[in-house]
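> The structure file run.pdb (PDB, C-alpha atoms) is provided below.
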```
ATOM      1  CA  MET A   1       0.000   0.000   0.000
ATOM      2  CA  LYS A   2       2.868   2.364   0.827
ATOM      3  CA  ARG A   3       4.339   1.756  -2.625
ATOM      4  CA  PHE A   4       1.043   2.638  -4.258
ATOM      5  CA  ILE A   5       0.724   5.877  -2.279
ATOM      6  CA  LEU A   6       4.345   6.781  -3.026
ATOM      7  CA  PHE A   7       3.757   6.037  -6.721
ATOM      8  CA  LEU A   8       0.580   8.136  -6.713
ATOM      9  CA  ILE A   9       2.346  11.081  -5.048
ATOM     10  CA  CYS A  10       5.224  10.905  -7.573
ATOM     11  CA  PHE A  11       2.780  10.643 -10.457
ATOM     12  CA  LEU A  12       0.715  13.601  -9.275
ATOM     13  CA  PHE A  13       3.817  15.721  -8.650
ATOM     14  CA  THR A  14       5.256  14.903 -12.095
ATOM     15  CA  SER A  15       1.898  15.599 -13.731
ATOM     16  CA  ALA A  16       1.596  18.917 -11.923
ATOM     17  CA  VAL A  17       5.086  20.005 -12.990
ATOM     18  CA  PHE A  18       4.441  18.992 -16.610
ATOM     19  CA  ALA A  19       1.020  20.648 -16.628
ATOM     20  CA  ASP A  20       2.513  23.818 -15.148
ATOM     21  CA  GLU A  21       5.285  23.981 -17.770
ATOM     22  CA  ASN A  22       2.790  23.190 -20.502
ATOM     23  CA  GLY A  23       0.574  25.931 -19.090
ATOM     24  CA  LEU A  24       3.483  28.379 -19.178
ATOM     25  CA  SER A  25       4.036  27.531 -22.836
ATOM     26  CA  ARG A  26       0.375  28.144 -23.655
ATOM     27  CA  GLN A  27       0.397  31.426 -21.752
ATOM     28  CA  ALA A  28       3.597  32.524 -23.491
ATOM     29  CA  THR A  29       2.057  31.757 -26.876
ATOM     30  CA  ALA A  30      -0.999  33.823 -25.980
ATOM     31  CA  PHE A  31       1.141  36.752 -24.849
ATOM     32  CA  TYR A  32       3.234  36.513 -28.004
ATOM     33  CA  SER A  33       0.110  36.662 -30.167
ATOM     34  CA  ASP A  34      -0.780  39.879 -28.286
ATOM     35  CA  ASN A  35       2.727  41.262 -29.011
ATOM     36  CA  ASN A  36       3.630  41.222 -25.337
ATOM     37  CA  HIS A  37       7.221  40.138 -25.856
ATOM     38  CA  THR A  38       8.407  40.876 -22.346
ATOM     39  CA  ARG A  39       5.780  38.631 -20.761
ATOM     40  CA  THR A  40       6.389  35.937 -23.397
ATOM     41  CA  MET A  41      10.090  35.884 -22.608
ATOM     42  CA  ASP A  42       9.489  35.907 -18.835
ATOM     43  CA  LEU A  43       7.161  32.905 -19.008
ATOM     44  CA  ILE A  44       9.379  30.788 -21.226
ATOM     45  CA  LEU A  45      12.454  31.534 -19.165
ATOM     46  CA  GLN A  46      10.594  30.084 -16.161
ATOM     47  CA  ILE A  47      10.584  26.719 -17.924
ATOM     48  CA  ASN A  48      13.670  24.609 -17.293
ATOM     49  CA  GLU A  49      15.837  24.614 -20.418
ATOM     50  CA  ASN A  50      15.670  20.828 -20.686
ATOM     51  CA  ASP A  51      11.866  20.925 -20.528
ATOM     52  CA  ARG A  52      11.316  23.557 -23.227
ATOM     53  CA  THR A  53       9.525  22.423 -26.340
ATOM     54  CA  ALA A  54      10.580  23.295 -29.862
ATOM     55  CA  GLN A  55       7.710  25.802 -29.897
ATOM     56  CA  ASP A  56       9.155  27.456 -26.764
ATOM     57  CA  TRP A  57      12.522  27.831 -28.490
ATOM     58  CA  VAL A  58      10.854  29.232 -31.623
ATOM     59  CA  LEU A  59       8.954  31.782 -29.526
ATOM     60  CA  LEU A  60      12.175  32.836 -27.817
ATOM     61  CA  GLY A  61      13.790  33.180 -31.227
ATOM     62  CA  ASN A  62      10.889  35.248 -32.525
ATOM     63  CA  VAL A  63      10.991  37.601 -29.546
ATOM     64  CA  LEU A  64      14.738  38.053 -29.927
ATOM     65  CA  ALA A  65      14.397  38.612 -33.683
ATOM     66  CA  ASP A  66      11.715  41.227 -33.030
ATOM     67  CA  LYS A  67      14.146  42.940 -30.646
ATOM     68  CA  GLY A  68      16.859  42.906 -33.309
ATOM     69  CA  GLU A  69      18.959  40.272 -31.536
ATOM     70  CA  ILE A  70      19.290  38.197 -34.681
ATOM     71  CA  ASP A  71      22.293  36.064 -33.698
ATOM     72  CA  ASN A  72      20.534  35.026 -30.490
ATOM     73  CA  ALA A  73      17.341  34.338 -32.433
ATOM     74  CA  VAL A  74      19.233  32.044 -34.814
ATOM     75  CA  TYR A  75      20.624  30.168 -31.817
ATOM     76  CA  MET A  76      17.084  29.678 -30.471
ATOM     77  CA  TYR A  77      15.840  28.357 -33.815
ATOM     78  CA  GLN A  78      18.747  25.915 -33.867
ATOM     79  CA  LYS A  79      17.814  24.822 -30.326
ATOM     80  CA  ALA A  80      14.250  24.248 -31.539
ATOM     81  CA  ILE A  81      15.532  21.967 -34.292
ATOM     82  CA  GLU A  82      17.780  20.146 -31.804
ATOM     83  CA  ASN A  83      14.727  19.653 -29.599
ATOM     84  CA  ASP A  84      12.522  18.519 -32.484
ATOM     85  CA  PRO A  85      13.940  17.972 -35.979
ATOM     86  CA  LYS A  86      10.387  18.421 -37.297
ATOM     87  CA  ALA A  87      10.124  22.012 -36.021
ATOM     88  CA  TYR A  88       9.220  23.429 -39.417
ATOM     89  CA  LYS A  89       8.750  26.972 -38.075
ATOM     90  CA  ALA A  90      12.397  27.021 -37.010
ATOM     91  CA  TYR A  91      13.525  26.000 -40.503
ATOM     92  CA  TYR A  92      11.171  28.593 -42.004
ATOM     93  CA  ASN A  93      12.482  31.352 -39.736
ATOM     94  CA  LEU A  94      16.070  30.385 -40.483
ATOM     95  CA  GLY A  95      15.218  30.567 -44.179
ATOM     96  CA  ASN A  96      13.941  34.110 -43.650
ATOM     97  CA  TYR A  97      17.118  34.967 -41.762
ATOM     98  CA  TYR A  98      19.349  33.700 -44.563
ATOM     99  CA  VAL A  99      17.359  35.647 -47.163
ATOM    100  CA  SER A 100      17.913  38.819 -45.132
ATOM    101  CA  ARG A 101      21.652  38.094 -45.216
ATOM    102  CA  GLY A 102      21.654  37.425 -48.960
ATOM    103  CA  GLN A 103      22.555  33.785 -48.375
ATOM    104  CA  PHE A 104      19.979  32.452 -50.797
ATOM    105  CA  ASP A 105      21.283  28.882 -51.105
ATOM    106  CA  LEU A 106      21.072  28.418 -47.331
ATOM    107  CA  ALA A 107      17.610  29.982 -47.313
ATOM    108  CA  ILE A 108      16.399  27.663 -50.065
ATOM    109  CA  GLY A 109      17.744  24.648 -48.173
ATOM    110  CA  HIS A 110      15.915  25.647 -44.997
ATOM    111  CA  TYR A 111      12.648  26.349 -46.808
ATOM    112  CA  LYS A 112      12.871  22.941 -48.480
ATOM    113  CA  LYS A 113      13.361  21.299 -45.089
ATOM    114  CA  ALA A 114      10.311  23.154 -43.773
ATOM    115  CA  ILE A 115       8.263  21.984 -46.777
ATOM    116  CA  LYS A 116       9.298  18.357 -46.189
ATOM    117  CA  ILE A 117       7.770  18.643 -42.738
ATOM    118  CA  LYS A 118       4.786  20.907 -43.471
ATOM    119  CA  SER A 119       3.999  20.499 -47.151
ATOM    120  CA  ASP A 120       0.654  22.301 -47.029
ATOM    121  CA  ASN A 121       1.891  25.666 -45.751
ATOM    122  CA  PRO A 122       1.478  28.204 -48.574
ATOM    123  CA  TYR A 123       3.752  30.808 -46.972
ATOM    124  CA  ILE A 124       6.754  28.508 -47.076
ATOM    125  CA  TYR A 125       6.196  27.999 -50.812
ATOM    126  CA  TYR A 126       5.770  31.751 -51.251
ATOM    127  CA  ASN A 127       8.999  32.626 -49.447
ATOM    128  CA  LEU A 128      10.830  29.891 -51.332
ATOM    129  CA  ALA A 129       9.443  31.320 -54.590
ATOM    130  CA  THR A 130      10.515  34.872 -53.769
ATOM    131  CA  THR A 131      13.980  33.548 -52.987
ATOM    132  CA  TYR A 132      14.049  31.831 -56.364
ATOM    133  CA  ILE A 133      13.030  35.145 -57.952
ATOM    134  CA  LYS A 134      16.026  36.791 -56.265
ATOM    135  CA  THR A 135      18.304  34.129 -57.764
ATOM    136  CA  ASN A 136      16.594  34.470 -61.161
ATOM    137  CA  ASN A 137      15.406  30.857 -61.088
ATOM    138  CA  LEU A 138      12.018  31.739 -62.538
ATOM    139  CA  GLY A 139      10.953  28.165 -63.297
ATOM    140  CA  GLN A 140      11.244  27.191 -59.626
ATOM    141  CA  ALA A 141       9.649  30.474 -58.575
ATOM    142  CA  LYS A 142       6.656  29.760 -60.828
ATOM    143  CA  ALA A 143       6.265  26.195 -59.531
ATOM    144  CA  ASN A 144       6.352  27.292 -55.894
ATOM    145  CA  LEU A 145       3.987  30.235 -56.398
ATOM    146  CA  ASN A 146       1.518  27.870 -58.055
ATOM    147  CA  LYS A 147       1.745  25.600 -55.011
ATOM    148  CA  ALA A 148       1.219  28.548 -52.672
ATOM    149  CA  ILE A 149      -1.903  29.510 -54.636
ATOM    150  CA  MET A 150      -3.086  25.910 -54.659
ATOM    151  CA  TYR A 151      -3.056  25.904 -50.847
ATOM    152  CA  LYS A 152      -4.355  29.448 -50.381
ATOM    153  CA  SER A 153      -5.700  31.300 -53.374
ATOM    154  CA  THR A 154      -6.877  34.397 -51.487
ATOM    155  CA  VAL A 155      -3.489  36.025 -50.846
ATOM    156  CA  PRO A 156      -3.023  38.891 -53.337
ATOM    157  CA  GLU A 157       0.797  38.850 -53.163
ATOM    158  CA  PHE A 158       0.905  35.269 -54.388
ATOM    159  CA  HIS A 159      -0.905  36.298 -57.581
ATOM    160  CA  TYR A 160       1.090  39.502 -58.008
ATOM    161  CA  ASN A 161       4.406  37.692 -57.820
ATOM    162  CA  LEU A 162       3.218  34.985 -60.190
ATOM    163  CA  ALA A 163       2.148  37.714 -62.641
ATOM    164  CA  TYR A 164       5.653  39.171 -62.302
ATOM    165  CA  VAL A 165       7.264  35.793 -63.002
ATOM    166  CA  TYR A 166       5.081  35.167 -66.050
ATOM    167  CA  LYS A 167       5.897  38.666 -67.311
ATOM    168  CA  LYS A 168       9.634  37.976 -66.917
ATOM    169  CA  LEU A 169       9.140  34.669 -68.774
ATOM    170  CA  GLY A 170       7.477  36.544 -71.667
ATOM    171  CA  LYS A 171       4.054  34.998 -71.021
ATOM    172  CA  ASP A 172       2.086  38.225 -71.054
ATOM    173  CA  LYS A 173      -1.365  36.623 -71.250
ATOM    174  CA  LEU A 174      -0.774  34.508 -68.137
ATOM    175  CA  ALA A 175       0.827  37.486 -66.425
ATOM    176  CA  GLN A 176      -2.320  39.535 -67.097
ATOM    177  CA  THR A 177      -4.539  36.741 -65.746
ATOM    178  CA  TYR A 178      -2.698  36.730 -62.420
ATOM    179  CA  LEU A 179      -2.537  40.510 -62.317
ATOM    180  CA  ASP A 180      -6.325  40.546 -62.766
ATOM    181  CA  ASN A 181      -6.629  38.030 -59.915
ATOM    182  CA  TYR A 182      -4.453  40.274 -57.775
ATOM    183  CA  ASN A 183      -6.606  43.328 -58.533
ATOM    184  CA  LYS A 184      -9.824  41.415 -57.727
ATOM    185  CA  LEU A 185      -8.394  40.256 -54.403
ATOM    186  CA  ILE A 186      -7.150  43.740 -53.515
ATOM    187  CA  SER A 187     -10.524  45.313 -54.307
ATOM    188  CA  SER A 188     -12.304  42.805 -52.057
ATOM    189  CA  TYR A 189     -10.388  43.972 -48.978
TER     190      TYR A 189
END
```
Using structure tokens, write down the structure from this file.

Amino acid sequence: MKRFILFLICFLFTSAVFADENGLSRQATAFYSDNNHTRTMDLILQINENDRTAQDWVLLGNVLADKGEIDNAVYMYQKAIENDPKAYKAYYNLGNYYVSRGQFDLAIGHYKKAIKIKSDNPYIYYNLATTYIKTNNLGQAKANLNKAIMYKSTVPEFHYNLAYVYKKLGKDKLAQTYLDNYNKLISSY
């Protein structure tokens, strides 16, 4: 009987600690969505480093990036990937970082990793496409913009950039079609 009570106490204590840390993560996410970066950071830093989830690390990275502490943000995204190699948001954010540094090959590699994990996210395809535009790989840009539109056809920028790509490829009729789509979407806002 003593063993059972001891087991029950250990189980309840462990559950309470996990629930509390999980609760801190949820609270931090809510504060981040309200742009309360200070509170987000405070809550996540209360979680033991070994108990942080990949999402916790991504949030820390986002807060640091928003504060302009880019090198620290990159470290946090790398910690997220260490914690969970399927943390597609970390790969996506690293892709954005490498684009900002003009390191397009690294950005493309990170976006592709994010797509392998989360293949239905239109924004990853869009950012990958805009990176291909920057490297003048218009065929890949076109393919990825079409995928972005396939997953979410209501984003005007997707259509505008595809119109641009078709224009650069000398396909004026298709360019006009996507420019018309863009204008329709803009006027509906």
> Using all atoms listed in the file, which of the listed residues (A:Pro122, A:Ser25, A:Leu162, A:Tyr97) sits closest to Trp57 in chain A?
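Ranked by minimum distance to Trp57 in chain A, first place goes to A:Ser25.
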> Expressed in Å to a single decimal, how great is the separation between CA of Lys134 in chain A and CA of Ser188 in chain A?
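Computed distance, CA of Lys134 in chain A to CA of Ser188 in chain A, equals 29.3 Å.
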> When you count only C-alpha atoms, which of these residues is closest to Glu82 in chain A: A:Ala54, A:Ile44, A:Val99, A:Ile108?
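Checking each of A:Ala54, A:Ile44, A:Val99, A:Ile108 against Glu82 in chain A, counting only C-alpha atoms, the winner is A:Ala54.
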> When the PyMOL selection byres ((chain A and resi 154) around 10) is applied to the file above, which residues end up in the set, as a PyMOL selection string?
chain A and resi 149-153+155-159+181-182+184-186
> Write the residues of the selection above to a file with C-alpha atoms, as an mmCIF file, in the coordinates of the input.

```cif
data_model
loop_
_atom_site.group_PDB
_atom_site.id
_atom_site.type_symbol
_atom_site.label_atom_id
_atom_site.label_comp_id
_atom_site.auth_asym_id
_atom_site.auth_seq_id
_atom_site.Cartn_x
_atom_site.Cartn_y
_atom_site.Cartn_z
ATOM 1 C CA ILE A 149 -1.903 29.510 -54.636
ATOM 2 C CA MET A 150 -3.086 25.910 -54.659
ATOM 3 C CA TYR A 151 -3.056 25.904 -50.847
ATOM 4 C CA LYS A 152 -4.355 29.448 -50.381
ATOM 5 C CA SER A 153 -5.700 31.300 -53.374
ATOM 6 C CA VAL A 155 -3.489 36.025 -50.846
ATOM 7 C CA PRO A 156 -3.023 38.891 -53.337
ATOM 8 C CA GLU A 157 0.797 38.850 -53.163
ATOM 9 C CA PHE A 158 0.905 35.269 -54.388
ATOM 10 C CA HIS A 159 -0.905 36.298 -57.581
ATOM 11 C CA ASN A 181 -6.629 38.030 -59.915
ATOM 12 C CA TYR A 182 -4.453 40.274 -57.775
ATOM 13 C CA LYS A 184 -9.824 41.415 -57.727
ATOM 14 C CA LEU A 185 -8.394 40.256 -54.403
ATOM 15 C CA ILE A 186 -7.150 43.740 -53.515
#
```
> Using all atoms listed in the file, find the one residue out of A:Asn72, A:Lys79, A:Tyr160, A:His110 that sits nearest to Glu49 in chain A.
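Once distances to Glu49 in chain A are computed over all atoms listed in the file, the minimum belongs to A:Lys79.
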> Give as a list in words the residues that the PyMOL selection byres ((chain A and resi 58) around 7) matches when applied to the coordinates above.
Ala54, Gln55, Asp56, Trp57, Leu59, Leu60, Gly61, Asn62, Met76, Tyr77, Ala80 and Ala90 of chain A
> For those residues, write C-alpha atoms to a file as a compact mmCIF listing (two decimals), in the coordinates of the input.

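Listed below is the output, selection11.txt:
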```
# COMPACT_ATOMS: atom_id res chain seq x y z
CA ALA A 54 10.58 23.30 -29.86
CA GLN A 55 7.71 25.80 -29.90
CA ASP A 56 9.15 27.46 -26.76
CA TRP A 57 12.52 27.83 -28.49
CA LEU A 59 8.95 31.78 -29.53
CA LEU A 60 12.18 32.84 -27.82
CA GLY A 61 13.79 33.18 -31.23
CA ASN A 62 10.89 35.25 -32.52
CA MET A 76 17.08 29.68 -30.47
CA TYR A 77 15.84 28.36 -33.82
CA ALA A 80 14.25 24.25 -31.54
CA ALA A 90 12.40 27.02 -37.01
```
